[in-house]
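**Student:** Dropping in coords-v9.cif, with mmCIF, C-alpha atoms and all ligand atoms; chains and numbers go by the auth columns.
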data_upload
loop_
_atom_site.group_PDB
_atom_site.id
_atom_site.type_symbol
_atom_site.label_atom_id
_atom_site.label_comp_id
_atom_site.label_asym_id
_atom_site.label_seq_id
_atom_site.Cartn_x
_atom_site.Cartn_y
_atom_site.Cartn_z
_atom_site.B_iso_or_equiv
_atom_site.auth_seq_id
_atom_site.auth_asym_id
ATOM 1 C CA MET A 1 -6.255 87.546 117.896 0.00 1 K
ATOM 2 C CA ILE A 2 -5.595 89.137 114.521 0.00 2 K
ATOM 3 C CA ALA A 3 -2.406 88.701 112.504 0.00 3 K
ATOM 4 C CA ILE A 4 -2.271 90.418 109.139 0.00 4 K
ATOM 5 C CA ALA A 5 0.718 90.212 106.797 0.00 5 K
ATOM 6 C CA LYS A 6 1.452 91.918 103.476 0.00 6 K
ATOM 7 C CA LEU A 7 -2.236 92.542 102.930 0.00 7 K
ATOM 8 C CA SER A 8 -3.268 94.388 99.828 0.00 8 K
ATOM 9 C CA LYS A 9 -6.501 95.157 98.062 0.00 9 K
ATOM 10 C CA ILE A 10 -6.332 96.408 94.507 0.00 10 K
ATOM 11 C CA LEU A 11 -9.412 97.043 92.393 0.00 11 K
ATOM 12 C CA THR A 12 -9.044 96.510 88.684 0.00 12 K
ATOM 13 C CA SER A 13 -12.611 97.192 87.602 0.00 13 K
ATOM 14 C CA GLY A 14 -11.929 100.811 86.578 0.00 14 K
ATOM 15 C CA ARG A 15 -9.716 102.160 83.826 0.00 15 K
ATOM 16 C CA ARG A 16 -6.581 101.736 85.887 0.00 16 K
ATOM 17 C CA PRO A 17 -5.913 99.614 88.993 0.00 17 K
ATOM 18 C CA LEU A 18 -6.909 101.343 92.208 0.00 18 K
ATOM 19 C CA VAL A 19 -4.777 100.523 95.240 0.00 19 K
ATOM 20 C CA ILE A 20 -7.036 100.556 98.282 0.00 20 K
ATOM 21 C CA LEU A 21 -4.761 98.771 100.763 0.00 21 K
ATOM 22 C CA ASP A 22 -1.056 98.584 100.161 0.00 22 K
ATOM 23 C CA GLY A 23 0.957 96.018 102.116 0.00 23 K
ATOM 24 C CA ILE A 24 -0.601 96.183 105.584 0.00 24 K
ATOM 25 C CA ASP A 25 1.212 94.362 108.401 0.00 25 K
ATOM 26 C CA LEU A 26 -0.698 94.410 111.658 0.00 26 K
ATOM 27 C CA SER A 27 -1.064 92.285 114.788 0.00 27 K
ATOM 28 C CA ILE A 28 -3.749 92.872 117.362 0.00 28 K
ATOM 29 C CA PRO A 29 -3.400 90.859 120.574 0.00 29 K
ATOM 30 C CA ARG A 30 -6.355 89.278 122.360 0.00 30 K
ATOM 31 C CA GLY A 31 -8.175 91.724 124.594 0.00 31 K
ATOM 32 C CA GLN A 32 -6.837 94.846 122.950 0.00 32 K
ATOM 33 C CA CYS A 33 -9.048 97.750 121.922 0.00 33 K
ATOM 34 C CA ALA A 34 -7.605 99.253 118.756 0.00 34 K
ATOM 35 C CA ALA A 35 -8.995 102.340 117.033 0.00 35 K
ATOM 36 C CA ILE A 36 -8.449 102.733 113.295 0.00 36 K
ATOM 37 C CA VAL A 37 -8.493 106.356 112.200 0.00 37 K
ATOM 38 C CA GLY A 38 -7.704 108.178 108.976 0.00 38 K
ATOM 39 C CA ALA A 39 -9.220 110.382 106.303 0.00 39 K
ATOM 40 C CA SER A 40 -12.308 109.347 104.373 0.00 40 K
ATOM 41 C CA GLY A 41 -11.271 106.932 101.635 0.00 41 K
ATOM 42 C CA SER A 42 -8.047 105.861 103.381 0.00 42 K
ATOM 43 C CA GLY A 43 -9.202 102.227 103.481 0.00 43 K
ATOM 44 C CA LYS A 44 -10.572 101.827 107.012 0.00 44 K
ATOM 45 C CA SER A 45 -13.838 100.089 106.100 0.00 45 K
ATOM 46 C CA THR A 46 -12.069 97.947 103.525 0.00 46 K
ATOM 47 C CA LEU A 47 -9.575 96.740 106.137 0.00 47 K
ATOM 48 C CA LEU A 48 -12.329 95.966 108.648 0.00 48 K
ATOM 49 C CA GLY A 49 -14.355 94.097 106.013 0.00 49 K
ATOM 50 C CA LEU A 50 -11.316 91.978 105.163 0.00 50 K
ATOM 51 C CA MET A 51 -10.801 91.143 108.854 0.00 51 K
ATOM 52 C CA ALA A 52 -14.376 89.824 108.923 0.00 52 K
ATOM 53 C CA GLY A 53 -13.885 87.842 105.730 0.00 53 K
ATOM 54 C CA LEU A 54 -16.644 89.855 104.060 0.00 54 K
ATOM 55 C CA ASP A 55 -14.324 90.676 101.201 0.00 55 K
ATOM 56 C CA ALA A 56 -11.323 88.885 99.680 0.00 56 K
ATOM 57 C CA PRO A 57 -7.881 90.523 99.555 0.00 57 K
ATOM 58 C CA THR A 58 -5.782 90.756 96.390 0.00 58 K
ATOM 59 C CA ALA A 59 -2.772 89.400 98.301 0.00 59 K
ATOM 60 C CA GLY A 60 -1.611 88.713 101.818 0.00 60 K
ATOM 61 C CA SER A 61 -2.584 86.769 104.883 0.00 61 K
ATOM 62 C CA ILE A 62 -5.183 87.284 107.613 0.00 62 K
ATOM 63 C CA ARG A 63 -5.241 85.024 110.655 0.00 63 K
ATOM 64 C CA ILE A 64 -8.104 85.252 113.120 0.00 64 K
ATOM 65 C CA ALA A 65 -7.488 83.323 116.363 0.00 65 K
ATOM 66 C CA GLY A 66 -4.795 81.363 114.541 0.00 66 K
ATOM 67 C CA GLU A 67 -6.941 80.464 111.549 0.00 67 K
ATOM 68 C CA GLU A 68 -6.008 81.669 108.060 0.00 68 K
ATOM 69 C CA ILE A 69 -9.270 83.100 106.739 0.00 69 K
ATOM 70 C CA THR A 70 -8.254 84.089 103.208 0.00 70 K
ATOM 71 C CA THR A 71 -8.509 80.486 102.024 0.00 71 K
ATOM 72 C CA LEU A 72 -11.817 79.595 103.691 0.00 72 K
ATOM 73 C CA SER A 73 -14.970 78.913 101.688 0.00 73 K
ATOM 74 C CA GLU A 74 -18.059 81.116 102.096 0.00 74 K
ATOM 75 C CA ASP A 75 -19.639 78.456 104.301 0.00 75 K
ATOM 76 C CA GLN A 76 -16.559 78.166 106.491 0.00 76 K
ATOM 77 C CA LEU A 77 -16.427 81.949 106.773 0.00 77 K
ATOM 78 C CA ALA A 78 -20.079 82.080 107.785 0.00 78 K
ATOM 79 C CA VAL A 79 -19.382 79.589 110.590 0.00 79 K
ATOM 80 C CA LEU A 80 -16.330 81.559 111.746 0.00 80 K
ATOM 81 C CA ARG A 81 -18.291 84.817 111.782 0.00 81 K
ATOM 82 C CA GLY A 82 -21.198 83.250 113.657 0.00 82 K
ATOM 83 C CA ARG A 83 -18.949 81.887 116.386 0.00 83 K
ATOM 84 C CA LYS A 84 -16.225 84.464 116.720 0.00 84 K
ATOM 85 C CA ILE A 85 -17.019 87.819 115.179 0.00 85 K
ATOM 86 C CA GLY A 86 -19.514 90.554 115.948 0.00 86 K
ATOM 87 C CA PHE A 87 -19.688 93.226 113.273 0.00 87 K
ATOM 88 C CA VAL A 88 -21.226 96.682 113.378 0.00 88 K
ATOM 89 C CA PHE A 89 -21.436 98.140 109.886 0.00 89 K
ATOM 90 C CA GLN A 90 -21.126 101.777 108.895 0.00 90 K
ATOM 91 C CA SER A 91 -24.555 101.321 107.282 0.00 91 K
ATOM 92 C CA TYR A 92 -26.442 99.327 109.885 0.00 92 K
ATOM 93 C CA GLN A 93 -27.591 96.441 107.676 0.00 93 K
ATOM 94 C CA LEU A 94 -30.642 95.624 109.743 0.00 94 K
ATOM 95 C CA ILE A 95 -33.175 93.267 108.190 0.00 95 K
ATOM 96 C CA PRO A 96 -36.123 95.527 107.270 0.00 96 K
ATOM 97 C CA THR A 97 -38.779 92.830 107.716 0.00 97 K
ATOM 98 C CA LEU A 98 -37.670 91.986 111.267 0.00 98 K
ATOM 99 C CA THR A 99 -38.412 94.009 114.409 0.00 99 K
ATOM 100 C CA ALA A 100 -35.623 95.446 116.561 0.00 100 K
ATOM 101 C CA GLU A 101 -35.831 92.455 118.892 0.00 101 K
ATOM 102 C CA GLU A 102 -35.860 89.942 116.026 0.00 102 K
ATOM 103 C CA ASN A 103 -32.856 91.633 114.436 0.00 103 K
ATOM 104 C CA VAL A 104 -30.909 91.348 117.688 0.00 104 K
ATOM 105 C CA LEU A 105 -31.959 87.699 118.129 0.00 105 K
ATOM 106 C CA LEU A 106 -30.897 86.687 114.643 0.00 106 K
ATOM 107 C CA PRO A 107 -27.204 85.801 115.246 0.00 107 K
ATOM 108 C CA HIS A 108 -28.286 83.703 118.242 0.00 108 K
ATOM 109 C CA GLU A 109 -30.872 81.846 116.164 0.00 109 K
ATOM 110 C CA LEU A 110 -28.386 81.277 113.368 0.00 110 K
ATOM 111 C CA LEU A 111 -26.233 79.394 115.883 0.00 111 K
ATOM 112 C CA GLY A 112 -29.256 77.229 116.759 0.00 112 K
ATOM 113 C CA LEU A 113 -29.189 78.272 120.420 0.00 113 K
ATOM 114 C CA ASP A 114 -32.083 78.185 122.894 0.00 114 K
ATOM 115 C CA ALA A 115 -34.711 80.742 121.855 0.00 115 K
ATOM 116 C CA GLY A 116 -36.023 81.521 125.357 0.00 116 K
ATOM 117 C CA ALA A 117 -32.634 82.462 126.786 0.00 117 K
ATOM 118 C CA GLY A 118 -31.931 84.418 123.639 0.00 118 K
ATOM 119 C CA ARG A 119 -35.056 86.523 123.988 0.00 119 K
ATOM 120 C CA THR A 120 -34.103 87.494 127.531 0.00 120 K
ATOM 121 C CA ARG A 121 -30.614 88.478 126.426 0.00 121 K
ATOM 122 C CA ALA A 122 -31.892 90.393 123.397 0.00 122 K
ATOM 123 C CA ARG A 123 -34.217 92.417 125.638 0.00 123 K
ATOM 124 C CA THR A 124 -31.450 93.113 128.147 0.00 124 K
ATOM 125 C CA LEU A 125 -29.169 94.331 125.352 0.00 125 K
ATOM 126 C CA LEU A 126 -31.842 96.540 123.814 0.00 126 K
ATOM 127 C CA ASP A 127 -32.487 97.939 127.277 0.00 127 K
ATOM 128 C CA GLN A 128 -28.749 98.682 127.664 0.00 128 K
ATOM 129 C CA VAL A 129 -28.702 100.661 124.425 0.00 129 K
ATOM 130 C CA GLY A 130 -31.792 102.584 125.564 0.00 130 K
ATOM 131 C CA LEU A 131 -34.364 100.928 123.316 0.00 131 K
ATOM 132 C CA ALA A 132 -36.451 98.920 125.797 0.00 132 K
ATOM 133 C CA GLU A 133 -39.591 100.636 124.497 0.00 133 K
ATOM 134 C CA ARG A 134 -38.827 99.881 120.855 0.00 134 K
ATOM 135 C CA LEU A 135 -38.605 96.064 120.782 0.00 135 K
ATOM 136 C CA ASP A 136 -41.439 95.630 118.295 0.00 136 K
ATOM 137 C CA HIS A 137 -40.497 98.457 115.961 0.00 137 K
ATOM 138 C CA TYR A 138 -39.211 97.828 112.461 0.00 138 K
ATOM 139 C CA PRO A 139 -36.038 99.557 111.197 0.00 139 K
ATOM 140 C CA VAL A 140 -38.016 102.105 109.099 0.00 140 K
ATOM 141 C CA GLN A 141 -39.761 103.189 112.293 0.00 141 K
ATOM 142 C CA LEU A 142 -36.437 103.981 113.955 0.00 142 K
ATOM 143 C CA SER A 143 -34.107 106.946 113.517 0.00 143 K
ATOM 144 C CA GLY A 144 -30.599 106.434 112.139 0.00 144 K
ATOM 145 C CA GLY A 145 -29.083 106.557 115.620 0.00 145 K
ATOM 146 C CA GLU A 146 -31.671 104.106 116.962 0.00 146 K
ATOM 147 C CA GLN A 147 -30.950 101.696 114.109 0.00 147 K
ATOM 148 C CA GLN A 148 -27.273 101.980 114.913 0.00 148 K
ATOM 149 C CA ARG A 149 -27.985 101.048 118.523 0.00 149 K
ATOM 150 C CA VAL A 150 -29.998 98.000 117.405 0.00 150 K
ATOM 151 C CA ALA A 151 -27.022 97.010 115.246 0.00 151 K
ATOM 152 C CA LEU A 152 -24.748 97.301 118.291 0.00 152 K
ATOM 153 C CA ALA A 153 -27.050 95.138 120.418 0.00 153 K
ATOM 154 C CA ARG A 154 -27.069 92.576 117.588 0.00 154 K
ATOM 155 C CA ALA A 155 -23.273 92.535 117.473 0.00 155 K
ATOM 156 C CA PHE A 156 -23.131 91.903 121.256 0.00 156 K
ATOM 157 C CA MET A 157 -25.752 89.151 121.120 0.00 157 K
ATOM 158 C CA THR A 158 -23.462 86.127 120.936 0.00 158 K
ATOM 159 C CA ALA A 159 -20.713 87.700 123.093 0.00 159 K
ATOM 160 C CA PRO A 160 -18.146 87.317 120.305 0.00 160 K
ATOM 161 C CA PRO A 161 -14.427 87.211 121.182 0.00 161 K
ATOM 162 C CA LEU A 162 -13.789 89.674 118.356 0.00 162 K
ATOM 163 C CA LEU A 163 -15.899 92.748 117.776 0.00 163 K
ATOM 164 C CA LEU A 164 -15.377 94.814 114.641 0.00 164 K
ATOM 165 C CA ALA A 165 -17.165 98.163 114.600 0.00 165 K
ATOM 166 C CA ASP A 166 -17.196 100.655 111.726 0.00 166 K
ATOM 167 C CA GLU A 167 -18.081 104.144 112.996 0.00 167 K
ATOM 168 C CA PRO A 168 -20.333 102.674 115.712 0.00 168 K
ATOM 169 C CA THR A 169 -21.149 106.082 117.135 0.00 169 K
ATOM 170 C CA GLY A 170 -21.150 108.009 113.853 0.00 170 K
ATOM 171 C CA ASN A 171 -24.868 108.784 113.934 0.00 171 K
ATOM 172 C CA LEU A 172 -25.288 109.342 117.635 0.00 172 K
ATOM 173 C CA ASP A 173 -25.302 112.579 119.597 0.00 173 K
ATOM 174 C CA SER A 174 -22.241 112.956 121.798 0.00 174 K
ATOM 175 C CA ALA A 175 -23.930 111.814 125.036 0.00 175 K
ATOM 176 C CA THR A 176 -25.445 108.677 123.469 0.00 176 K
ATOM 177 C CA GLY A 177 -22.196 108.062 121.586 0.00 177 K
ATOM 178 C CA ALA A 178 -20.189 108.208 124.816 0.00 178 K
ATOM 179 C CA HIS A 179 -22.631 105.789 126.484 0.00 179 K
ATOM 180 C CA ILE A 180 -22.459 103.329 123.580 0.00 180 K
ATOM 181 C CA LEU A 181 -18.673 103.529 123.542 0.00 181 K
ATOM 182 C CA GLN A 182 -18.669 102.793 127.267 0.00 182 K
ATOM 183 C CA LEU A 183 -20.710 99.645 126.544 0.00 183 K
ATOM 184 C CA LEU A 184 -18.301 98.597 123.817 0.00 184 K
ATOM 185 C CA LEU A 185 -15.281 99.107 126.060 0.00 185 K
ATOM 186 C CA GLU A 186 -16.970 97.324 128.974 0.00 186 K
ATOM 187 C CA MET A 187 -17.617 94.273 126.854 0.00 187 K
ATOM 188 C CA ASN A 188 -14.100 94.428 125.505 0.00 188 K
ATOM 189 C CA ARG A 189 -12.572 94.529 128.989 0.00 189 K
ATOM 190 C CA ASN A 190 -14.980 92.312 130.983 0.00 190 K
ATOM 191 C CA ALA A 191 -15.181 89.515 128.453 0.00 191 K
ATOM 192 C CA GLY A 192 -11.532 89.804 127.420 0.00 192 K
ATOM 193 C CA ALA A 193 -12.876 90.432 123.920 0.00 193 K
ATOM 194 C CA THR A 194 -10.836 92.122 121.245 0.00 194 K
ATOM 195 C CA LEU A 195 -12.296 95.295 119.771 0.00 195 K
ATOM 196 C CA VAL A 196 -11.354 96.974 116.528 0.00 196 K
ATOM 197 C CA LEU A 197 -13.135 100.243 116.091 0.00 197 K
ATOM 198 C CA VAL A 198 -13.102 102.572 113.093 0.00 198 K
ATOM 199 C CA THR A 199 -13.809 106.155 114.027 0.00 199 K
ATOM 200 C CA HIS A 200 -13.522 109.756 112.883 0.00 200 K
ATOM 201 C CA ASP A 201 -13.925 110.930 116.438 0.00 201 K
ATOM 202 C CA THR A 202 -10.532 111.644 118.000 0.00 202 K
ATOM 203 C CA GLU A 203 -12.056 111.905 121.482 0.00 203 K
ATOM 204 C CA LEU A 204 -13.398 108.415 121.019 0.00 204 K
ATOM 205 C CA ALA A 205 -10.135 107.079 119.627 0.00 205 K
ATOM 206 C CA ARG A 206 -8.301 108.377 122.686 0.00 206 K
ATOM 207 C CA GLN A 207 -10.163 105.869 124.840 0.00 207 K
ATOM 208 C CA ALA A 208 -8.677 102.938 122.923 0.00 208 K
ATOM 209 C CA ASP A 209 -5.500 101.072 123.944 0.00 209 K
ATOM 210 C CA ARG A 210 -3.990 101.791 120.584 0.00 210 K
ATOM 211 C CA ILE A 211 -4.499 104.131 117.626 0.00 211 K
ATOM 212 C CA ILE A 212 -3.706 102.966 114.102 0.00 212 K
ATOM 213 C CA ARG A 213 -3.764 105.703 111.466 0.00 213 K
ATOM 214 C CA LEU A 214 -4.286 104.777 107.821 0.00 214 K
ATOM 215 C CA HIS A 215 -3.173 107.034 105.005 0.00 215 K
ATOM 216 C CA ASP A 216 -3.705 106.056 101.362 0.00 216 K
ATOM 217 C CA GLY A 217 -4.032 102.376 102.234 0.00 217 K
ATOM 218 C CA ARG A 218 -0.931 102.204 104.418 0.00 218 K
ATOM 219 C CA ILE A 219 -0.345 102.357 108.147 0.00 219 K
ATOM 220 C CA ALA A 220 1.002 105.867 108.687 0.00 220 K
ATOM 221 C CA GLU A 221 1.086 105.720 112.478 0.00 221 K
ATOM 222 C CA ASP A 222 0.606 103.054 115.134 0.00 222 K
ATOM 223 C CA THR A 223 0.611 104.287 118.712 0.00 223 K
ATOM 224 C CA LEU A 224 0.065 102.464 121.977 0.00 224 K
ATOM 225 C CA GLN A 225 -1.576 104.763 124.481 0.00 225 K
ATOM 226 C CA PRO A 226 -0.541 104.774 128.103 0.00 226 K
ATOM 227 C CA ALA A 227 -3.447 103.865 130.397 0.00 227 K
ATOM 228 C CA SER A 228 -3.140 107.306 131.995 0.00 228 K
ATOM 229 C CA ALA A 229 -4.127 108.970 128.702 0.00 229 K
ATOM 230 C CA ARG A 230 -7.402 107.099 128.575 0.00 230 K
ATOM 231 C CA ALA A 231 -10.573 108.322 130.177 0.00 231 K
HETATM 232 N N1 LIG B . -16.231 98.368 95.482 0.00 301 K
HETATM 233 C C1 LIG B . -15.491 99.451 95.271 0.00 301 K
HETATM 234 N N2 LIG B . -15.318 99.942 94.016 0.00 301 K
HETATM 235 C C2 LIG B . -14.561 101.048 93.797 0.00 301 K
HETATM 236 N N3 LIG B . -13.925 101.705 94.773 0.00 301 K
HETATM 237 C C3 LIG B . -14.073 101.272 96.034 0.00 301 K
HETATM 238 C C4 LIG B . -14.860 100.134 96.347 0.00 301 K
HETATM 239 N N4 LIG B . -14.811 99.931 97.695 0.00 301 K
HETATM 240 C C5 LIG B . -14.030 100.922 98.183 0.00 301 K
HETATM 241 N N5 LIG B . -13.583 101.714 97.184 0.00 301 K
HETATM 242 C C6 LIG B . -12.674 102.850 97.324 0.00 301 K
HETATM 243 O O1 LIG B . -11.649 102.459 98.198 0.00 301 K
HETATM 244 C C7 LIG B . -11.221 103.545 99.012 0.00 301 K
HETATM 245 C C8 LIG B . -11.272 103.152 100.459 0.00 301 K
HETATM 246 O O2 LIG B . -12.629 102.968 100.836 0.00 301 K
HETATM 247 P P1 LIG B . -13.066 102.691 102.340 0.00 301 K
HETATM 248 O O3 LIG B . -14.538 102.518 102.332 0.00 301 K
HETATM 249 O O4 LIG B . -12.248 101.591 102.885 0.00 301 K
HETATM 250 O O5 LIG B . -12.648 104.068 103.037 0.00 301 K
HETATM 251 P P2 LIG B . -12.866 104.564 104.530 0.00 301 K
HETATM 252 O O6 LIG B . -11.518 104.879 105.078 0.00 301 K
HETATM 253 O O7 LIG B . -13.713 103.614 105.287 0.00 301 K
HETATM 254 O O8 LIG B . -13.650 105.938 104.310 0.00 301 K
HETATM 255 P P3 LIG B . -14.866 106.614 105.153 0.00 301 K
HETATM 256 O O9 LIG B . -14.209 107.271 106.320 0.00 301 K
HETATM 257 O O10 LIG B . -15.418 107.613 104.188 0.00 301 K
HETATM 258 O O11 LIG B . -15.845 105.559 105.530 0.00 301 K
HETATM 259 C C9 LIG B . -12.132 104.701 98.632 0.00 301 K
HETATM 260 O O12 LIG B . -11.429 105.527 97.752 0.00 301 K
HETATM 261 C C10 LIG B . -13.307 104.036 97.965 0.00 301 K
HETATM 262 O O13 LIG B . -13.892 104.886 97.008 0.00 301 K
HETATM 263 MG MG MG B . -15.659 103.696 106.004 0.00 302 K
#
Take the structure in the file and write it out as structure tokens.

**Tutor:**
Amino acid sequence: MIAIAKLSKILTSGRRPLVILDGIDLSIPRGQCAAIVGASGSGKSTLLGLMAGLDAPTAGSIRIAGEEITTLSEDQLAVLRGRKIGFVFQSYQLIPTLTAEENVLLPHELLGLDAGAGRTRARTLLDQVGLAERLDHYPVQLSGGEQQRVALARAFMTAPPLLLADEPTGNLDSATGAHILQLLLEMNRNAGATLVLVTHDTELARQADRIIRLHDGRIAEDTLQPASARA
């Protein structure tokens, strides 16, 4: 599903070039759930953003479902994201002028799909993340954890074959976090979707099929976990 080769990201805006990602080679097969872990600043969010085509690399190749994305135009990237990629950001990126329900519906509407069916699905998803009572609330009226759950429901909305999630449970208490992770894994396994999850939580990472550890912009460790080790 994802094939990355010799990927690097170097920032040259400061006084000296800053190497954020340094020659990453990584393949993630369809259906896999991979957890990316590593210290703050090791490049996890940068790598995830590149996978979504939200940022351009300095060098290297990224193929998503066979398609080289580093040479696509903004418009082509927007189409690819709409059809194939669900993204949960570390900062939730909800639209402040839209209610919870409208935020969740948005990716569906952007694809020009039937509004009625979309509304039903949006409500079901918000119910699954425990926000059935909050459909008409705006992001400012929701706590950080509630906003994060809206962002998760939004990412699920179009049932994308690839879900990229940056600290999706970072602002949730452990019980809610475990529940949300269960939802993520269920979608990953039932729909045969591929899930790439950035997390600080080692308990959470242990439930993934694979753990990729970044250190200073390089892959320091890449471990497949036996099914018996997972919860
Ligand atoms: N636009 C930018 N300008 C300058 N430095 C940046 C920029 N974006 C990222 N960085 C730097 O790149 C490094 C990697 O950042 P990144 O956000 O990928 O880390 P991370 O592993 O996700 O960390 P965290 O766990 O804190 O979220 C950091 O040192 C960060 O300061
Ligand atoms: Mg980050």

**Student:** For each of K:Glu203, K:Glu146, K:Asp173, K:Glu167, take the minimum atom-to-atom distance to ligand LIG 301 (chain K), counting all atoms listed in the file, then give the residue where this is smallest.

**Tutor:**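 Smallest distance to ligand LIG 301 (chain K) is found for K:Glu167.
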
**Student:** Kindly indicate which residue among K:Ile36, K:Ile211, K:Leu98, K:Ala132 lies nearest to ligand MG 302 (chain K), using only C-alpha atoms and all ligand atoms for the distances.

**Tutor:**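 Looking at the shortest contact to ligand MG 302 (chain K), the residue is K:Ile36.
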
**Student:** Closest to ligand MG 302 (chain K) among K:Glu67, K:Asp166, K:Asp127, K:Asp136, using all atoms listed in the file?

**Tutor:**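 Among the listed residues, the smallest separation from ligand MG 302 (chain K) belongs to K:Asp166.
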
**Student:** Using the file's own x, y and z axes, what box holds all listed atoms of ligand LIG 301 (chain K) with 3 Å on each side, keeping edges along x, y and z, and what are its centre and edge lengths in Å to one decimal, as AutoDock Vina command-line options?

**Tutor:**
--center_x -13.7 --center_y 103.0 --center_z 100.1 --size_x 11.0 --size_y 15.2 --size_z 18.5

**Student:** Starting from the displayed file, determine the output of the PyMOL selection byres (((not hetatm)) within 7 of (chain K and resi 301)) and express the residue list as a ChimeraX atom specification.

**Tutor:** /K:11,20,38-47

**Student:** Show which residues sit within 10 Å of Gly177 of chain K, as a list of chain:residue names. Count only C-alpha atoms, and ignore same-chain residues fewer than 5 positions away.

**Tutor:**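 In the requested format, the answer is K:Gly145, K:Arg149, K:Pro168, K:Thr169, K:Gly170, K:Asn171, K:Leu172, K:Gln182, K:Leu183, K:Leu204.
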